[in-house]
Amino acid sequence: MTTAISPTTQELGEYPPGQDPLPSWNEGSAKRSIINFVRGVTTTGDAHFVKPEERIAVFDNDGTLWSEMPAYFQAAFVIDRLKALAPQHPEWKDKPLYSAALQGDMKTVAAGGLRGVMELVAITHAGMTTDEFAKIVEEWITTARHPKFNRPYTDLIYQPMLELLIYLRANGFKTFIVSGGGVEFMRVWADKVYGIPPEQVIGSSIVTKFEMLAGVPVLTRQPELNFMDDNVGKPVAINLHVGRRPIVACGNSDGDLQMLQWTAAGTGLRFGLLVRHTDSVREYAYDVSPLGRLDKALAEAGTKGWTVVDMKQDWKRVYPFETGK
């Protein structure tokens, strides 16, 4: 097994003038490690060359491709759905998790962990067809605003990571989202925002059932968890849906550890990346989010040679709107 390391400037050389593929990244070991890896696996005749069909890159979403504070963005969607449905369910006030969510008590919601959030997801995302759900998500993602930045949540994507996605695809990679978030929640907007089509989005899911309603075939969403795409679930889901072991894996928490481990365990040159949130001014500074932490994965990054991105030091800008784009 060979892992990618952060090379020195001398190992990589200078970038060709006017051809910087990652303009929102500061010069440094993180940026050099990305360029060095891509050159190695895409240069014909290089010892590390990888055939295009095997160039698979997987990305966590929350905290890796877009922000996740003060809580997962899908959690904000869940709370809005709970409030809309609460008049039909007076019994919810007697359930601590539901009551906390309705009151905006994210600390209590977070204490229930990702499974608690997924319980709320199941109850608020079910009882409708897949088409009806997609319409609700589309309306919410258009109108909802982030509490700190007062912008649509889809404005809170990371410009440097967007450039990385584009750079990889320009070099023959197929990029996938592999997230603990709801797969049908992300599929509504991932293509517009990241250029990742629905069939390349993998996430947690609730049970879906085929039915005939008024003579029309539909898929209806049931209030029951089908699959949790987090921790050990991520490599399992990649194997099931992609059928190839990735050569690139990017995350930001211990929930992504097994995905990075499985990616790194393959033969040939591999690349692992962790986004570390260190910028309290432009974004947030933390290693422990309401629903996750960066601890074990950070320690393993040092022994495996994975690239750790220091947001404050490595990124010239965080969000696209910082440049007026």
# chains A, B, ... in the order shown; residues from 1 in each chain; ligands from 1
$ select_by_dssp --residues "region 164-286 of chain A" --states "strand (DSSP E)" --output "PyMOL selection string"
chain A and resi 174-182+201-213+216-227+248-251+269-278+285-286
$ residues_around --residues "Pro70 (chain A)" --least-positions-apart "4" --cutoff "10 Å" --atoms "only C-alpha atoms" --output "NGL selection string"
:A and (75-76 or 106 or 146-148 or 284 or 289-290)
$ write_last_selection --atoms "N, CA, C and O atoms" --output "JSON list (two decimals), in the first residue's frame"
[["chain", "number", "residue", "atom", "x", "y", "z"],
["A", 75, "ALA", "N", -30.74, 19.37, 9.48],
["A", 75, "ALA", "CA", -31.44, 19.48, 10.76],
["A", 75, "ALA", "C", -32.33, 20.72, 10.78],
["A", 75, "ALA", "O", -33.43, 20.71, 11.34],
["A", 76, "ALA", "N", -31.86, 21.81, 10.16],
["A", 76, "ALA", "CA", -32.69, 23.02, 10.06],
["A", 76, "ALA", "C", -33.93, 22.73, 9.23],
["A", 76, "ALA", "O", -35.04, 23.20, 9.55],
["A", 106, "MET", "N", -31.07, 22.85, 19.99],
["A", 106, "MET", "CA", -30.18, 21.98, 19.22],
["A", 106, "MET", "C", -29.22, 21.19, 20.09],
["A", 106, "MET", "O", -28.72, 20.15, 19.68],
["A", 146, "HIS", "N", -29.35, 30.85, 6.29],
["A", 146, "HIS", "CA", -28.45, 30.48, 7.37],
["A", 146, "HIS", "C", -28.48, 31.55, 8.46],
["A", 146, "HIS", "O", -28.45, 32.75, 8.15],
["A", 147, "PRO", "N", -28.53, 31.16, 9.75],
["A", 147, "PRO", "CA", -28.69, 32.14, 10.82],
["A", 147, "PRO", "C", -27.52, 33.11, 10.98],
["A", 147, "PRO", "O", -27.72, 34.25, 11.42],
["A", 148, "LYS", "N", -26.31, 32.71, 10.63],
["A", 148, "LYS", "CA", -25.16, 33.59, 10.79],
["A", 148, "LYS", "C", -24.95, 34.49, 9.57],
["A", 148, "LYS", "O", -24.70, 35.68, 9.70],
["A", 284, "TYR", "N", -16.14, 28.88, 11.10],
["A", 284, "TYR", "CA", -16.20, 28.51, 12.52],
["A", 284, "TYR", "C", -14.89, 27.80, 12.86],
["A", 284, "TYR", "O", -14.25, 27.21, 11.99],
["A", 289, "SER", "N", -18.05, 19.20, 16.58],
["A", 289, "SER", "CA", -19.29, 19.82, 16.14],
["A", 289, "SER", "C", -20.43, 19.27, 17.00],
["A", 289, "SER", "O", -20.22, 18.36, 17.79],
["A", 290, "PRO", "N", -21.65, 19.80, 16.86],
["A", 290, "PRO", "CA", -22.75, 19.28, 17.67],
["A", 290, "PRO", "C", -22.99, 17.78, 17.48],
["A", 290, "PRO", "O", -23.54, 17.13, 18.37]]
$ residues_around --residues "Ile166 (chain A)" --least-positions-apart "6" --cutoff "12 Å" --atoms "only C-alpha atoms" --output "list in words"
Pro21, Leu22, Pro23, Ala57, Gln159, Pro160, Gly172, Phe173, Lys174, Thr175, Val193, Tyr194, Gly195 and Ile196 of chain A
$ closest_atom_pairs --of "region 120-199 of chain A" --to "region 98-104 of chain A" --cutoff "12 Å" --atoms "only C-alpha atoms" --output "tab-separated table"
residue	atom	partner	partner_atom	distance
A:Leu120	CA	A:Tyr98	CA	7.4
A:Val121	CA	A:Tyr98	CA	11.0
A:Ile123	CA	A:Tyr98	CA	10.0
A:Thr124	CA	A:Tyr98	CA	10.6
$ atom_distance --atom1 "CA of Thr130 (chain A)" --atom2 "CA of Gly180 (chain A)"
18.9 Å
$ closest_residue --among "A:Asp20, A:Glu119, A:Glu322, A:Asp60" --to "Phe176 (chain A)" --atoms "only C-alpha atoms"
A:Asp60
$ residues_around --residues "Gly28 (chain A)" --least-positions-apart "3" --cutoff "8 Å" --atoms "only C-alpha atoms" --output "ChimeraX atom specification"
/A:31-32,314
$ write_last_selection --atoms "N, CA, C and O atoms" --output "compact mmCIF listing (two decimals), in the first residue's frame"
# COMPACT_ATOMS: atom_id res chain seq x y z
N LYS A 31 -1.95 22.17 -0.71
CA LYS A 31 -2.16 22.38 -2.15
C LYS A 31 -1.17 21.56 -2.97
O LYS A 31 -1.54 20.93 -3.97
N ARG A 32 0.09 21.53 -2.53
CA ARG A 32 1.11 20.77 -3.26
C ARG A 32 0.79 19.28 -3.28
O ARG A 32 1.01 18.60 -4.28
N ASP A 314 -4.80 27.52 4.88
CA ASP A 314 -4.68 26.96 3.53
C ASP A 314 -5.64 27.54 2.51
O ASP A 314 -5.43 27.37 1.31
$ closest_residue --among "A:Pro197, A:Gly113, A:Pro246, A:Gly255" --to "Leu269 (chain A)" --atoms "only C-alpha atoms"
A:Pro246
$ closest_residue --among "A:Val242, A:Gly203, A:Gly127, A:Leu291" --to "Ala71 (chain A)" --atoms "only C-alpha atoms"
A:Leu291
$ select_by_dssp --residues "region 63-287 of chain A" --states "helix (DSSP H, G or I)" --output "PyMOL selection string"
chain A and resi 73-88+90-94+96-102+106-111+113-125+130-143+153-155+159-170+183-187+190-194+198-200+233-241+254-264
$ residues_around --residues "Phe37 (chain A)" --least-positions-apart "4" --cutoff "9 Å" --atoms "only C-alpha atoms" --output "list in words"
Ala4, Ile5, Arg32, Ser33, Val41, Thr42, His48, Leu269, Arg270 and Phe271 of chain A
$ write_last_selection --atoms "C-alpha atoms" --output "PDB file, in the first residue's frame"
ATOM      1  CA  ALA A   4       0.116  10.174  -0.746  1.00  0.00           C
ATOM      2  CA  ILE A   5       2.254  12.518   1.322  1.00  0.00           C
ATOM      3  CA  ARG A  32       1.109  20.771  -3.263  1.00  0.00           C
ATOM      4  CA  SER A  33      -0.032  17.341  -2.086  1.00  0.00           C
ATOM      5  CA  VAL A  41      -2.036   9.180 -11.208  1.00  0.00           C
ATOM      6  CA  THR A  42      -2.897  10.897 -14.505  1.00  0.00           C
ATOM      7  CA  HIS A  48       1.529   5.653 -10.215  1.00  0.00           C
ATOM      8  CA  LEU A 269      -1.055   5.689  -4.794  1.00  0.00           C
ATOM      9  CA  ARG A 270      -3.977   6.838  -2.622  1.00  0.00           C
ATOM     10  CA  PHE A 271      -5.025  10.239  -1.327  1.00  0.00           C
TER      11      PHE A 271
END
$ residues_around --residues "Glu211 (chain A)" --least-positions-apart "2" --cutoff "12 Å" --atoms "only C-alpha atoms" --output "mmCIF file with all heavy atoms, in the first residue's frame"
data_model
loop_
_atom_site.group_PDB
_atom_site.id
_atom_site.type_symbol
_atom_site.label_atom_id
_atom_site.label_comp_id
_atom_site.auth_asym_id
_atom_site.auth_seq_id
_atom_site.Cartn_x
_atom_site.Cartn_y
_atom_site.Cartn_z
ATOM 1 N N MET A 128 -45.291 10.692 2.048
ATOM 2 C CA MET A 128 -45.437 11.411 0.791
ATOM 3 C C MET A 128 -44.687 10.663 -0.295
ATOM 4 O O MET A 128 -43.882 9.772 -0.006
ATOM 5 C CB MET A 128 -44.910 12.839 0.921
ATOM 6 C CG MET A 128 -43.400 12.934 1.094
ATOM 7 S SD MET A 128 -42.817 14.576 1.557
ATOM 8 C CE MET A 128 -43.170 14.581 3.322
ATOM 9 N N THR A 129 -44.898 11.032 -1.529
ATOM 10 C CA THR A 129 -44.157 10.401 -2.613
ATOM 11 C C THR A 129 -42.773 11.041 -2.727
ATOM 12 O O THR A 129 -42.519 12.129 -2.185
ATOM 13 C CB THR A 129 -44.888 10.561 -3.952
ATOM 14 O OG1 THR A 129 -44.869 11.948 -4.336
ATOM 15 C CG2 THR A 129 -46.330 10.066 -3.864
ATOM 16 N N THR A 130 -41.889 10.380 -3.441
ATOM 17 C CA THR A 130 -40.551 10.927 -3.646
ATOM 18 C C THR A 130 -40.602 12.240 -4.415
ATOM 19 O O THR A 130 -39.809 13.153 -4.154
ATOM 20 C CB THR A 130 -39.678 9.914 -4.407
ATOM 21 O OG1 THR A 130 -40.362 9.492 -5.600
ATOM 22 C CG2 THR A 130 -39.388 8.683 -3.544
ATOM 23 N N THR A 208 -38.484 3.103 1.311
ATOM 24 C CA THR A 208 -39.324 3.587 0.224
ATOM 25 C C THR A 208 -40.108 2.423 -0.355
ATOM 26 O O THR A 208 -39.558 1.340 -0.552
ATOM 27 C CB THR A 208 -38.471 4.250 -0.875
ATOM 28 O OG1 THR A 208 -37.691 5.293 -0.300
ATOM 29 C CG2 THR A 208 -39.347 4.840 -1.966
ATOM 30 N N LYS A 209 -41.376 2.644 -0.634
ATOM 31 C CA LYS A 209 -42.278 1.566 -1.051
ATOM 32 C C LYS A 209 -42.960 1.895 -2.373
ATOM 33 O O LYS A 209 -43.430 3.015 -2.580
ATOM 34 C CB LYS A 209 -43.339 1.342 0.036
ATOM 35 C CG LYS A 209 -44.337 0.235 -0.236
ATOM 36 C CD LYS A 209 -45.336 0.141 0.912
ATOM 37 C CE LYS A 209 -46.386 -0.931 0.661
ATOM 38 N NZ LYS A 209 -47.377 -0.989 1.775
ATOM 39 N N LEU A 213 -51.242 4.528 -6.748
ATOM 40 C CA LEU A 213 -52.185 5.484 -6.178
ATOM 41 C C LEU A 213 -53.034 6.062 -7.306
ATOM 42 O O LEU A 213 -52.500 6.735 -8.204
ATOM 43 C CB LEU A 213 -51.444 6.606 -5.441
ATOM 44 C CG LEU A 213 -50.626 6.203 -4.205
ATOM 45 C CD1 LEU A 213 -49.977 7.430 -3.578
ATOM 46 C CD2 LEU A 213 -51.490 5.488 -3.184
ATOM 47 N N ALA A 214 -54.332 5.777 -7.238
ATOM 48 C CA ALA A 214 -55.267 6.221 -8.281
ATOM 49 C C ALA A 214 -54.788 5.779 -9.656
ATOM 50 O O ALA A 214 -54.875 6.521 -10.640
ATOM 51 C CB ALA A 214 -55.436 7.735 -8.223
ATOM 52 N N GLY A 215 -54.243 4.565 -9.696
ATOM 53 C CA GLY A 215 -53.796 4.013 -10.963
ATOM 54 C C GLY A 215 -52.441 4.498 -11.428
ATOM 55 O O GLY A 215 -51.991 4.144 -12.527
ATOM 56 N N VAL A 216 -51.769 5.299 -10.594
ATOM 57 C CA VAL A 216 -50.459 5.848 -10.959
ATOM 58 C C VAL A 216 -49.376 5.195 -10.110
ATOM 59 O O VAL A 216 -49.485 5.168 -8.877
ATOM 60 C CB VAL A 216 -50.432 7.377 -10.749
ATOM 61 C CG1 VAL A 216 -49.054 7.934 -11.097
ATOM 62 C CG2 VAL A 216 -51.508 8.052 -11.585
ATOM 63 N N PRO A 217 -48.316 4.654 -10.730
ATOM 64 C CA PRO A 217 -47.227 4.065 -9.951
ATOM 65 C C PRO A 217 -46.368 5.144 -9.292
ATOM 66 O O PRO A 217 -45.909 6.072 -9.958
ATOM 67 C CB PRO A 217 -46.418 3.284 -10.995
ATOM 68 C CG PRO A 217 -46.695 3.985 -12.292
ATOM 69 C CD PRO A 217 -48.100 4.510 -12.190
ATOM 70 N N VAL A 218 -46.184 5.044 -7.983
ATOM 71 C CA VAL A 218 -45.389 6.028 -7.249
ATOM 72 C C VAL A 218 -44.500 5.313 -6.240
ATOM 73 O O VAL A 218 -44.700 4.140 -5.918
ATOM 74 C CB VAL A 218 -46.278 7.048 -6.496
ATOM 75 C CG1 VAL A 218 -47.109 7.865 -7.461
ATOM 76 C CG2 VAL A 218 -47.168 6.332 -5.481
ATOM 77 N N LEU A 219 -43.523 6.030 -5.747
ATOM 78 C CA LEU A 219 -42.695 5.573 -4.635
ATOM 79 C C LEU A 219 -43.069 6.416 -3.427
ATOM 80 O O LEU A 219 -42.972 7.648 -3.474
ATOM 81 C CB LEU A 219 -41.208 5.721 -4.952
ATOM 82 C CG LEU A 219 -40.670 4.861 -6.092
ATOM 83 C CD1 LEU A 219 -39.216 5.211 -6.381
ATOM 84 C CD2 LEU A 219 -40.800 3.377 -5.764
ATOM 85 N N THR A 220 -43.493 5.772 -2.350
ATOM 86 C CA THR A 220 -43.881 6.503 -1.140
ATOM 87 C C THR A 220 -42.848 6.279 -0.047
ATOM 88 O O THR A 220 -42.299 5.185 0.108
ATOM 89 C CB THR A 220 -45.267 6.081 -0.642
ATOM 90 O OG1 THR A 220 -45.287 4.663 -0.407
ATOM 91 C CG2 THR A 220 -46.330 6.419 -1.670
ATOM 92 N N ARG A 221 -42.599 7.314 0.712
ATOM 93 C CA ARG A 221 -41.575 7.318 1.752
ATOM 94 C C ARG A 221 -42.195 6.911 3.082
ATOM 95 O O ARG A 221 -43.197 7.476 3.515
ATOM 96 C CB ARG A 221 -40.931 8.705 1.825
ATOM 97 C CG ARG A 221 -40.194 9.073 0.543
ATOM 98 C CD ARG A 221 -39.853 10.550 0.458
ATOM 99 N NE ARG A 221 -39.050 10.995 1.578
ATOM 100 C CZ ARG A 221 -37.738 10.813 1.689
ATOM 101 N NH1 ARG A 221 -37.075 10.181 0.732
ATOM 102 N NH2 ARG A 221 -37.085 11.257 2.738
ATOM 103 N N GLN A 222 -41.563 5.925 3.738
ATOM 104 C CA GLN A 222 -42.088 5.354 4.976
ATOM 105 C C GLN A 222 -41.309 5.888 6.187
ATOM 106 O O GLN A 222 -40.110 6.177 6.092
ATOM 107 C CB GLN A 222 -41.982 3.824 4.939
ATOM 108 C CG GLN A 222 -42.557 3.199 3.676
ATOM 109 C CD GLN A 222 -44.032 3.446 3.522
ATOM 110 O OE1 GLN A 222 -44.810 3.179 4.431
ATOM 111 N NE2 GLN A 222 -44.426 3.969 2.365
#
$ residues_around --residues "Val288 (chain A)" --least-positions-apart "5" --cutoff "12 Å" --atoms "only C-alpha atoms" --output "short mmCIF file (atom, residue, chain, number, x, y, z; two decimals) with C-alpha atoms, in the first residue's frame"
data_model
loop_
_atom_site.label_atom_id
_atom_site.label_comp_id
_atom_site.auth_asym_id
_atom_site.auth_seq_id
_atom_site.Cartn_x
_atom_site.Cartn_y
_atom_site.Cartn_z
CA GLY A 63 -18.32 20.06 7.01
CA GLU A 68 -22.31 22.23 9.13
CA MET A 69 -22.62 24.77 11.94
CA PRO A 70 -24.46 25.69 14.10
CA ALA A 71 -26.04 22.33 13.18
CA ALA A 110 -27.42 16.87 19.15
CA ASN A 252 -13.75 16.27 8.10
CA SER A 253 -14.61 14.07 11.10
CA ASP A 254 -14.27 10.66 12.71
CA GLY A 255 -17.48 9.73 10.92
CA ARG A 276 -10.00 21.04 9.75
CA HIS A 277 -12.19 23.98 10.82
CA THR A 278 -9.83 26.59 12.23
CA ARG A 293 -15.65 15.27 16.28
CA LEU A 294 -12.27 15.19 14.58
CA ASP A 295 -10.07 13.15 16.89
CA LYS A 296 -9.23 9.60 15.83
CA LEU A 298 -6.81 13.41 12.84
#
$ closest_residue --among "A:Leu225, A:Cys250, A:Leu162, A:Ile177" --to "Tyr319 (chain A)" --atoms "only C-alpha atoms"
A:Leu162
$ closest_residue --among "A:Phe59, A:Tyr167, A:Phe49, A:Phe185" --to "Phe77 (chain A)" --atoms "only C-alpha atoms"
A:Phe185
$ decode --residues "region 220-261 of chain A" --atoms "C-alpha atoms" --output "mmCIF file, in the first residue's frame"
data_model
loop_
_atom_site.group_PDB
_atom_site.id
_atom_site.type_symbol
_atom_site.label_atom_id
_atom_site.label_comp_id
_atom_site.auth_asym_id
_atom_site.auth_seq_id
_atom_site.Cartn_x
_atom_site.Cartn_y
_atom_site.Cartn_z
ATOM 1 C CA THR A 220 -43.881 6.503 -1.140
ATOM 2 C CA ARG A 221 -41.575 7.318 1.752
ATOM 3 C CA GLN A 222 -42.088 5.354 4.976
ATOM 4 C CA PRO A 223 -41.272 6.528 8.565
ATOM 5 C CA GLU A 224 -38.556 3.917 9.012
ATOM 6 C CA LEU A 225 -34.777 4.140 8.685
ATOM 7 C CA ASN A 226 -33.431 2.036 5.834
ATOM 8 C CA PHE A 227 -29.666 2.676 5.929
ATOM 9 C CA MET A 228 -27.349 4.866 7.986
ATOM 10 C CA ASP A 229 -24.486 6.031 5.783
ATOM 11 C CA ASP A 230 -21.983 6.986 8.460
ATOM 12 C CA ASN A 231 -18.838 5.505 10.023
ATOM 13 C CA VAL A 232 -18.609 1.835 8.981
ATOM 14 C CA GLY A 233 -21.625 2.318 6.707
ATOM 15 C CA LYS A 234 -19.689 4.540 4.302
ATOM 16 C CA PRO A 235 -17.291 1.957 2.803
ATOM 17 C CA VAL A 236 -20.159 -0.539 2.709
ATOM 18 C CA ALA A 237 -22.289 1.932 0.736
ATOM 19 C CA ILE A 238 -19.421 2.776 -1.625
ATOM 20 C CA ASN A 239 -18.866 -0.886 -2.379
ATOM 21 C CA LEU A 240 -22.599 -1.400 -2.961
ATOM 22 C CA HIS A 241 -23.292 1.646 -5.108
ATOM 23 C CA VAL A 242 -19.965 2.332 -6.836
ATOM 24 C CA GLY A 243 -18.428 -1.120 -7.092
ATOM 25 C CA ARG A 244 -14.884 0.245 -7.035
ATOM 26 C CA ARG A 245 -12.578 1.217 -4.193
ATOM 27 C CA PRO A 246 -11.877 4.979 -4.390
ATOM 28 C CA ILE A 247 -8.384 6.338 -4.762
ATOM 29 C CA VAL A 248 -9.375 9.690 -3.202
ATOM 30 C CA ALA A 249 -11.399 10.180 -0.008
ATOM 31 C CA CYS A 250 -12.138 13.531 1.641
ATOM 32 C CA GLY A 251 -13.853 14.145 4.977
ATOM 33 C CA ASN A 252 -13.750 16.271 8.102
ATOM 34 C CA SER A 253 -14.606 14.071 11.099
ATOM 35 C CA ASP A 254 -14.272 10.665 12.706
ATOM 36 C CA GLY A 255 -17.479 9.730 10.920
ATOM 37 C CA ASP A 256 -15.367 9.635 7.762
ATOM 38 C CA LEU A 257 -12.538 7.578 9.252
ATOM 39 C CA GLN A 258 -13.558 4.180 7.916
ATOM 40 C CA MET A 259 -14.085 5.647 4.438
ATOM 41 C CA LEU A 260 -10.545 7.018 4.468
ATOM 42 C CA GLN A 261 -9.127 3.805 5.920
#
